[in-house]
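J.: Sharing a structure here in structure tokens format.
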Amino acid sequence: MAMSEGFQAVFREKPEVMRAWLKADEVLAEHSALDPKTSELAYLAVLAALGLERGIAFHAAEAKQRGASRDEVISAVLVGLPAAGNRVIEAVAEALRPFDEENSGN
């Protein structure tokens, strides 16, 4: 799963900013009490609740790579349903793309 065009543009135009961002992300991960799979699932829940669908397929693929199942990804996306409402339902299809693309041979 490739990075969004926006991330690619910032990497191209301002690589030092992206290096700083990635370093901050790395430090946060090093000091997190969450394992990498759980962290990706939690991040999916946040993206879905905020309605930020662009990063959902990328992070669902990351969660899958770290051992998350299809059902775990769906549950993570839907965890925000009571607070965020319908927007999380709209994110489910995007979160399943990495699973469905693998099954279709793409």
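Labels for the structure tokens follow display order: chains A, B, ..., residues from 1 in each chain, ligands from 1.
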Do a neighbour search on Ala76 in chain A at 12 Å with only C-alpha atoms, toss out local chain neighbours closer than 5 positions, and write the hits as a list in words.
T.: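 Once the nearby chain positions are removed, what remains is Lys37, Thr38, Ser39, Glu40, Leu41, Ala42, Tyr43, Leu44, Ala45, Val46, Leu47, Ala48, Ala49, Ile56, His59, Ala60, Ala63, Ala68, Ser69, Arg70, Asp71, Leu81, Val88, Ile89, Ala91, Val92, Ala95 and Leu96 of chain A.
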J.: Pull the helix (DSSP H, G or I) assignments for range 3-97 of chain A out of DSSP run on the backbone, and list those residues as a PDB file with N, CA and C atoms, in the first residue's frame.
T.:
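Generated file (selection38.pdb):
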ATOM      1  N   GLU A   5      -0.575  10.741  -2.131  1.00  0.00           N
ATOM      2  CA  GLU A   5       0.107  11.747  -2.952  1.00  0.00           C
ATOM      3  C   GLU A   5       0.575  12.918  -2.095  1.00  0.00           C
ATOM      4  N   GLY A   6      -0.216  13.270  -1.091  1.00  0.00           N
ATOM      5  CA  GLY A   6       0.170  14.366  -0.201  1.00  0.00           C
ATOM      6  C   GLY A   6       1.461  14.072   0.542  1.00  0.00           C
ATOM      7  N   PHE A   7       1.561  12.874   1.117  1.00  0.00           N
ATOM      8  CA  PHE A   7       2.785  12.496   1.817  1.00  0.00           C
ATOM      9  C   PHE A   7       3.958  12.455   0.842  1.00  0.00           C
ATOM     10  N   GLN A   8       3.733  11.915  -0.347  1.00  0.00           N
ATOM     11  CA  GLN A   8       4.801  11.857  -1.342  1.00  0.00           C
ATOM     12  C   GLN A   8       5.277  13.256  -1.718  1.00  0.00           C
ATOM     13  N   ALA A   9       4.346  14.193  -1.849  1.00  0.00           N
ATOM     14  CA  ALA A   9       4.708  15.566  -2.207  1.00  0.00           C
ATOM     15  C   ALA A   9       5.546  16.217  -1.111  1.00  0.00           C
ATOM     16  N   VAL A  10       5.143  16.009   0.149  1.00  0.00           N
ATOM     17  CA  VAL A  10       5.920  16.602   1.246  1.00  0.00           C
ATOM     18  C   VAL A  10       7.295  15.950   1.337  1.00  0.00           C
ATOM     19  N   PHE A  11       7.376  14.641   1.144  1.00  0.00           N
ATOM     20  CA  PHE A  11       8.677  13.980   1.110  1.00  0.00           C
ATOM     21  C   PHE A  11       9.566  14.578   0.022  1.00  0.00           C
ATOM     22  N   ARG A  12       8.984  14.848  -1.124  1.00  0.00           N
ATOM     23  CA  ARG A  12       9.734  15.391  -2.253  1.00  0.00           C
ATOM     24  C   ARG A  12      10.149  16.843  -2.001  1.00  0.00           C
ATOM     25  N   GLU A  13       9.226  17.657  -1.493  1.00  0.00           N
ATOM     26  CA  GLU A  13       9.462  19.091  -1.338  1.00  0.00           C
ATOM     27  C   GLU A  13      10.127  19.479  -0.024  1.00  0.00           C
ATOM     28  N   PRO A  15      11.774  17.129   2.579  1.00  0.00           N
ATOM     29  CA  PRO A  15      12.168  15.855   3.178  1.00  0.00           C
ATOM     30  C   PRO A  15      12.581  15.987   4.638  1.00  0.00           C
ATOM     31  N   GLU A  16      13.155  17.133   5.023  1.00  0.00           N
ATOM     32  CA  GLU A  16      13.576  17.300   6.407  1.00  0.00           C
ATOM     33  C   GLU A  16      12.375  17.330   7.361  1.00  0.00           C
ATOM     34  N   VAL A  17      11.253  17.864   6.904  1.00  0.00           N
ATOM     35  CA  VAL A  17      10.035  17.875   7.716  1.00  0.00           C
ATOM     36  C   VAL A  17       9.531  16.442   7.909  1.00  0.00           C
ATOM     37  N   MET A  18       9.525  15.673   6.838  1.00  0.00           N
ATOM     38  CA  MET A  18       9.053  14.302   6.931  1.00  0.00           C
ATOM     39  C   MET A  18       9.992  13.442   7.777  1.00  0.00           C
ATOM     40  N   ARG A  19      11.300  13.693   7.682  1.00  0.00           N
ATOM     41  CA  ARG A  19      12.236  12.943   8.530  1.00  0.00           C
ATOM     42  C   ARG A  19      11.958  13.231  10.003  1.00  0.00           C
ATOM     43  N   ALA A  20      11.675  14.508  10.322  1.00  0.00           N
ATOM     44  CA  ALA A  20      11.363  14.878  11.706  1.00  0.00           C
ATOM     45  C   ALA A  20      10.061  14.213  12.153  1.00  0.00           C
ATOM     46  N   TRP A  21       9.057  14.214  11.285  1.00  0.00           N
ATOM     47  CA  TRP A  21       7.776  13.584  11.614  1.00  0.00           C
ATOM     48  C   TRP A  21       7.975  12.090  11.891  1.00  0.00           C
ATOM     49  N   LEU A  22       8.698  11.424  10.992  1.00  0.00           N
ATOM     50  CA  LEU A  22       8.925   9.987  11.146  1.00  0.00           C
ATOM     51  C   LEU A  22       9.741   9.675  12.392  1.00  0.00           C
ATOM     52  N   LYS A  23      10.689  10.537  12.727  1.00  0.00           N
ATOM     53  CA  LYS A  23      11.481  10.347  13.942  1.00  0.00           C
ATOM     54  C   LYS A  23      10.584  10.472  15.169  1.00  0.00           C
ATOM     55  N   ALA A  24       9.699  11.470  15.182  1.00  0.00           N
ATOM     56  CA  ALA A  24       8.770  11.627  16.306  1.00  0.00           C
ATOM     57  C   ALA A  24       7.881  10.396  16.425  1.00  0.00           C
ATOM     58  N   ASP A  25       7.401   9.890  15.303  1.00  0.00           N
ATOM     59  CA  ASP A  25       6.568   8.692  15.298  1.00  0.00           C
ATOM     60  C   ASP A  25       7.344   7.490  15.857  1.00  0.00           C
ATOM     61  N   GLU A  26       8.604   7.385  15.478  1.00  0.00           N
ATOM     62  CA  GLU A  26       9.463   6.296  15.951  1.00  0.00           C
ATOM     63  C   GLU A  26       9.653   6.373  17.466  1.00  0.00           C
ATOM     64  N   VAL A  27       9.899   7.577  17.990  1.00  0.00           N
ATOM     65  CA  VAL A  27      10.101   7.755  19.430  1.00  0.00           C
ATOM     66  C   VAL A  27       8.814   7.427  20.188  1.00  0.00           C
ATOM     67  N   LEU A  28       7.674   7.874  19.664  1.00  0.00           N
ATOM     68  CA  LEU A  28       6.400   7.542  20.299  1.00  0.00           C
ATOM     69  C   LEU A  28       6.186   6.034  20.349  1.00  0.00           C
ATOM     70  N   ALA A  29       6.489   5.345  19.263  1.00  0.00           N
ATOM     71  CA  ALA A  29       6.321   3.890  19.207  1.00  0.00           C
ATOM     72  C   ALA A  29       7.239   3.190  20.199  1.00  0.00           C
ATOM     73  N   GLU A  30       8.473   3.678  20.310  1.00  0.00           N
ATOM     74  CA  GLU A  30       9.441   3.070  21.234  1.00  0.00           C
ATOM     75  C   GLU A  30       8.976   3.152  22.682  1.00  0.00           C
ATOM     76  N   PRO A  36       2.848  -3.273  18.443  1.00  0.00           N
ATOM     77  CA  PRO A  36       2.645  -2.641  17.135  1.00  0.00           C
ATOM     78  C   PRO A  36       1.272  -2.929  16.499  1.00  0.00           C
ATOM     79  N   LYS A  37       0.771  -4.143  16.618  1.00  0.00           N
ATOM     80  CA  LYS A  37      -0.536  -4.461  16.034  1.00  0.00           C
ATOM     81  C   LYS A  37      -1.633  -3.653  16.718  1.00  0.00           C
ATOM     82  N   THR A  38      -1.630  -3.635  18.032  1.00  0.00           N
ATOM     83  CA  THR A  38      -2.644  -2.901  18.777  1.00  0.00           C
ATOM     84  C   THR A  38      -2.558  -1.409  18.475  1.00  0.00           C
ATOM     85  N   SER A  39      -1.359  -0.904  18.350  1.00  0.00           N
ATOM     86  CA  SER A  39      -1.166   0.505  18.030  1.00  0.00           C
ATOM     87  C   SER A  39      -1.783   0.848  16.670  1.00  0.00           C
ATOM     88  N   GLU A  40      -1.560  -0.007  15.673  1.00  0.00           N
ATOM     89  CA  GLU A  40      -2.148   0.236  14.347  1.00  0.00           C
ATOM     90  C   GLU A  40      -3.669   0.159  14.409  1.00  0.00           C
ATOM     91  N   LEU A  41      -4.208  -0.789  15.168  1.00  0.00           N
ATOM     92  CA  LEU A  41      -5.656  -0.894  15.296  1.00  0.00           C
ATOM     93  C   LEU A  41      -6.232   0.340  15.983  1.00  0.00           C
ATOM     94  N   ALA A  42      -5.554   0.829  17.006  1.00  0.00           N
ATOM     95  CA  ALA A  42      -6.011   2.046  17.684  1.00  0.00           C
ATOM     96  C   ALA A  42      -5.953   3.247  16.734  1.00  0.00           C
ATOM     97  N   TYR A  43      -4.902   3.303  15.923  1.00  0.00           N
ATOM     98  CA  TYR A  43      -4.773   4.402  14.963  1.00  0.00           C
ATOM     99  C   TYR A  43      -5.900   4.347  13.928  1.00  0.00           C
ATOM    100  N   LEU A  44      -6.259   3.149  13.508  1.00  0.00           N
ATOM    101  CA  LEU A  44      -7.397   3.001  12.589  1.00  0.00           C
ATOM    102  C   LEU A  44      -8.678   3.534  13.217  1.00  0.00           C
ATOM    103  N   ALA A  45      -8.882   3.246  14.492  1.00  0.00           N
ATOM    104  CA  ALA A  45     -10.076   3.738  15.185  1.00  0.00           C
ATOM    105  C   ALA A  45     -10.107   5.263  15.183  1.00  0.00           C
ATOM    106  N   VAL A  46      -8.973   5.878  15.420  1.00  0.00           N
ATOM    107  CA  VAL A  46      -8.896   7.347  15.432  1.00  0.00           C
ATOM    108  C   VAL A  46      -9.160   7.908  14.036  1.00  0.00           C
ATOM    109  N   LEU A  47      -8.513   7.343  13.027  1.00  0.00           N
ATOM    110  CA  LEU A  47      -8.729   7.820  11.651  1.00  0.00           C
ATOM    111  C   LEU A  47     -10.199   7.726  11.265  1.00  0.00           C
ATOM    112  N   ALA A  48     -10.830   6.593  11.576  1.00  0.00           N
ATOM    113  CA  ALA A  48     -12.232   6.405  11.223  1.00  0.00           C
ATOM    114  C   ALA A  48     -13.123   7.397  11.968  1.00  0.00           C
ATOM    115  N   ALA A  49     -12.878   7.585  13.263  1.00  0.00           N
ATOM    116  CA  ALA A  49     -13.698   8.498  14.061  1.00  0.00           C
ATOM    117  C   ALA A  49     -13.566   9.936  13.581  1.00  0.00           C
ATOM    118  N   LEU A  50     -12.382  10.292  13.088  1.00  0.00           N
ATOM    119  CA  LEU A  50     -12.169  11.652  12.576  1.00  0.00           C
ATOM    120  C   LEU A  50     -12.602  11.808  11.119  1.00  0.00           C
ATOM    121  N   GLU A  53     -10.426   9.195   5.869  1.00  0.00           N
ATOM    122  CA  GLU A  53     -10.397   7.941   5.112  1.00  0.00           C
ATOM    123  C   GLU A  53      -9.137   7.740   4.293  1.00  0.00           C
ATOM    124  N   ARG A  54      -8.429   8.801   3.950  1.00  0.00           N
ATOM    125  CA  ARG A  54      -7.260   8.651   3.080  1.00  0.00           C
ATOM    126  C   ARG A  54      -6.202   7.720   3.630  1.00  0.00           C
ATOM    127  N   GLY A  55      -5.985   7.725   4.926  1.00  0.00           N
ATOM    128  CA  GLY A  55      -4.934   6.896   5.507  1.00  0.00           C
ATOM    129  C   GLY A  55      -5.403   5.535   5.983  1.00  0.00           C
ATOM    130  N   ILE A  56      -6.695   5.270   5.857  1.00  0.00           N
ATOM    131  CA  ILE A  56      -7.238   4.047   6.445  1.00  0.00           C
ATOM    132  C   ILE A  56      -6.714   2.790   5.754  1.00  0.00           C
ATOM    133  N   ALA A  57      -6.718   2.736   4.443  1.00  0.00           N
ATOM    134  CA  ALA A  57      -6.240   1.532   3.751  1.00  0.00           C
ATOM    135  C   ALA A  57      -4.762   1.284   4.055  1.00  0.00           C
ATOM    136  N   PHE A  58      -3.975   2.344   4.093  1.00  0.00           N
ATOM    137  CA  PHE A  58      -2.551   2.206   4.394  1.00  0.00           C
ATOM    138  C   PHE A  58      -2.359   1.602   5.782  1.00  0.00           C
ATOM    139  N   HIS A  59      -3.063   2.144   6.773  1.00  0.00           N
ATOM    140  CA  HIS A  59      -2.880   1.663   8.137  1.00  0.00           C
ATOM    141  C   HIS A  59      -3.560   0.316   8.376  1.00  0.00           C
ATOM    142  N   ALA A  60      -4.598   0.014   7.620  1.00  0.00           N
ATOM    143  CA  ALA A  60      -5.188  -1.327   7.693  1.00  0.00           C
ATOM    144  C   ALA A  60      -4.189  -2.349   7.164  1.00  0.00           C
ATOM    145  N   ALA A  61      -3.485  -1.996   6.094  1.00  0.00           N
ATOM    146  CA  ALA A  61      -2.448  -2.891   5.562  1.00  0.00           C
ATOM    147  C   ALA A  61      -1.315  -3.064   6.576  1.00  0.00           C
ATOM    148  N   GLU A  62      -0.948  -1.987   7.260  1.00  0.00           N
ATOM    149  CA  GLU A  62       0.078  -2.083   8.298  1.00  0.00           C
ATOM    150  C   GLU A  62      -0.394  -2.995   9.432  1.00  0.00           C
ATOM    151  N   ALA A  63      -1.655  -2.839   9.844  1.00  0.00           N
ATOM    152  CA  ALA A  63      -2.204  -3.686  10.901  1.00  0.00           C
ATOM    153  C   ALA A  63      -2.213  -5.151  10.457  1.00  0.00           C
ATOM    154  N   LYS A  64      -2.612  -5.380   9.218  1.00  0.00           N
ATOM    155  CA  LYS A  64      -2.632  -6.742   8.672  1.00  0.00           C
ATOM    156  C   LYS A  64      -1.225  -7.341   8.679  1.00  0.00           C
ATOM    157  N   GLN A  65      -0.257  -6.543   8.258  1.00  0.00           N
ATOM    158  CA  GLN A  65       1.136  -7.007   8.230  1.00  0.00           C
ATOM    159  C   GLN A  65       1.623  -7.362   9.638  1.00  0.00           C
ATOM    160  N   ARG A  70      -9.004  -9.647   9.585  1.00  0.00           N
ATOM    161  CA  ARG A  70     -10.069  -8.857   8.969  1.00  0.00           C
ATOM    162  C   ARG A  70     -11.074  -8.413  10.045  1.00  0.00           C
ATOM    163  N   ASP A  71     -11.482  -9.340  10.915  1.00  0.00           N
ATOM    164  CA  ASP A  71     -12.447  -9.012  11.961  1.00  0.00           C
ATOM    165  C   ASP A  71     -11.892  -7.993  12.955  1.00  0.00           C
ATOM    166  N   GLU A  72     -10.595  -8.099  13.279  1.00  0.00           N
ATOM    167  CA  GLU A  72      -9.997  -7.114  14.188  1.00  0.00           C
ATOM    168  C   GLU A  72      -9.987  -5.725  13.564  1.00  0.00           C
ATOM    169  N   VAL A  73      -9.712  -5.640  12.270  1.00  0.00           N
ATOM    170  CA  VAL A  73      -9.716  -4.347  11.583  1.00  0.00           C
ATOM    171  C   VAL A  73     -11.128  -3.756  11.574  1.00  0.00           C
ATOM    172  N   ILE A  74     -12.114  -4.576  11.255  1.00  0.00           N
ATOM    173  CA  ILE A  74     -13.502  -4.088  11.273  1.00  0.00           C
ATOM    174  C   ILE A  74     -13.862  -3.599  12.674  1.00  0.00           C
ATOM    175  N   SER A  75     -13.533  -4.378  13.686  1.00  0.00           N
ATOM    176  CA  SER A  75     -13.851  -3.986  15.066  1.00  0.00           C
ATOM    177  C   SER A  75     -13.160  -2.693  15.454  1.00  0.00           C
ATOM    178  N   ALA A  76     -11.914  -2.522  15.042  1.00  0.00           N
ATOM    179  CA  ALA A  76     -11.191  -1.288  15.352  1.00  0.00           C
ATOM    180  C   ALA A  76     -11.867  -0.077  14.716  1.00  0.00           C
ATOM    181  N   VAL A  77     -12.270  -0.218  13.467  1.00  0.00           N
ATOM    182  CA  VAL A  77     -12.935   0.891  12.778  1.00  0.00           C
ATOM    183  C   VAL A  77     -14.262   1.208  13.452  1.00  0.00           C
ATOM    184  N   LEU A  78     -14.996   0.186  13.841  1.00  0.00           N
ATOM    185  CA  LEU A  78     -16.329   0.401  14.409  1.00  0.00           C
ATOM    186  C   LEU A  78     -16.322   0.793  15.887  1.00  0.00           C
ATOM    187  N   LEU A  81     -18.066   4.005  16.711  1.00  0.00           N
ATOM    188  CA  LEU A  81     -19.448   4.188  16.266  1.00  0.00           C
ATOM    189  C   LEU A  81     -20.321   4.933  17.281  1.00  0.00           C
ATOM    190  N   PRO A  82     -20.313   4.573  18.561  1.00  0.00           N
ATOM    191  CA  PRO A  82     -21.182   5.292  19.494  1.00  0.00           C
ATOM    192  C   PRO A  82     -20.853   6.790  19.605  1.00  0.00           C
ATOM    193  N   ALA A  83     -19.580   7.133  19.493  1.00  0.00           N
ATOM    194  CA  ALA A  83     -19.183   8.534  19.646  1.00  0.00           C
ATOM    195  C   ALA A  83     -19.185   9.308  18.329  1.00  0.00           C
ATOM    196  N   ALA A  84     -18.752   8.653  17.255  1.00  0.00           N
ATOM    197  CA  ALA A  84     -18.568   9.365  15.981  1.00  0.00           C
ATOM    198  C   ALA A  84     -19.692   9.127  14.991  1.00  0.00           C
ATOM    199  N   ASN A  86     -22.088   7.595  12.016  1.00  0.00           N
ATOM    200  CA  ASN A  86     -22.056   7.003  10.684  1.00  0.00           C
ATOM    201  C   ASN A  86     -20.711   7.105   9.975  1.00  0.00           C
ATOM    202  N   ARG A  87     -19.911   8.107  10.274  1.00  0.00           N
ATOM    203  CA  ARG A  87     -18.649   8.264   9.532  1.00  0.00           C
ATOM    204  C   ARG A  87     -17.760   7.031   9.666  1.00  0.00           C
ATOM    205  N   VAL A  88     -17.825   6.323  10.789  1.00  0.00           N
ATOM    206  CA  VAL A  88     -16.991   5.126  10.914  1.00  0.00           C
ATOM    207  C   VAL A  88     -17.493   4.001  10.030  1.00  0.00           C
ATOM    208  N   ILE A  89     -18.790   3.920   9.818  1.00  0.00           N
ATOM    209  CA  ILE A  89     -19.339   2.905   8.915  1.00  0.00           C
ATOM    210  C   ILE A  89     -18.816   3.126   7.504  1.00  0.00           C
ATOM    211  N   GLU A  90     -18.734   4.374   7.099  1.00  0.00           N
ATOM    212  CA  GLU A  90     -18.223   4.702   5.768  1.00  0.00           C
ATOM    213  C   GLU A  90     -16.760   4.307   5.604  1.00  0.00           C
ATOM    214  N   ALA A  91     -16.036   4.163   6.696  1.00  0.00           N
ATOM    215  CA  ALA A  91     -14.615   3.829   6.638  1.00  0.00           C
ATOM    216  C   ALA A  91     -14.351   2.329   6.515  1.00  0.00           C
ATOM    217  N   VAL A  92     -15.357   1.501   6.765  1.00  0.00           N
ATOM    218  CA  VAL A  92     -15.144   0.053   6.775  1.00  0.00           C
ATOM    219  C   VAL A  92     -14.649  -0.460   5.417  1.00  0.00           C
ATOM    220  N   ALA A  93     -15.291  -0.040   4.339  1.00  0.00           N
ATOM    221  CA  ALA A  93     -14.894  -0.529   3.008  1.00  0.00           C
ATOM    222  C   ALA A  93     -13.438  -0.181   2.701  1.00  0.00           C
ATOM    223  N   GLU A  94     -13.019   1.007   3.062  1.00  0.00           N
ATOM    224  CA  GLU A  94     -11.634   1.422   2.818  1.00  0.00           C
ATOM    225  C   GLU A  94     -10.677   0.576   3.665  1.00  0.00           C
ATOM    226  N   ALA A  95     -11.062   0.274   4.892  1.00  0.00           N
ATOM    227  CA  ALA A  95     -10.214  -0.528   5.775  1.00  0.00           C
ATOM    228  C   ALA A  95     -10.077  -1.969   5.290  1.00  0.00           C
ATOM    229  N   LEU A  96     -11.053  -2.445   4.543  1.00  0.00           N
ATOM    230  CA  LEU A  96     -11.004  -3.824   4.054  1.00  0.00           C
ATOM    231  C   LEU A  96     -10.260  -3.966   2.727  1.00  0.00           C
ATOM    232  N   ARG A  97      -9.916  -2.849   2.108  1.00  0.00           N
ATOM    233  CA  ARG A  97      -9.211  -2.922   0.821  1.00  0.00           C
ATOM    234  C   ARG A  97      -7.985  -3.820   0.837  1.00  0.00           C
TER     235      ARG A  97
END
J.: How many Å lie between CA of Gly51 in chain A and CA of Ser4 in chain A, rounded to one decimal?
T.: 15.8 Å
J.: As an exercise, work out the distance from CA of Pro98 in chain A to CA of Ala33 in chain A in Å and give it to one decimal place.
T.: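 Value for the CA of Pro98 in chain A-CA of Ala33 in chain A distance: 26.3 Å.
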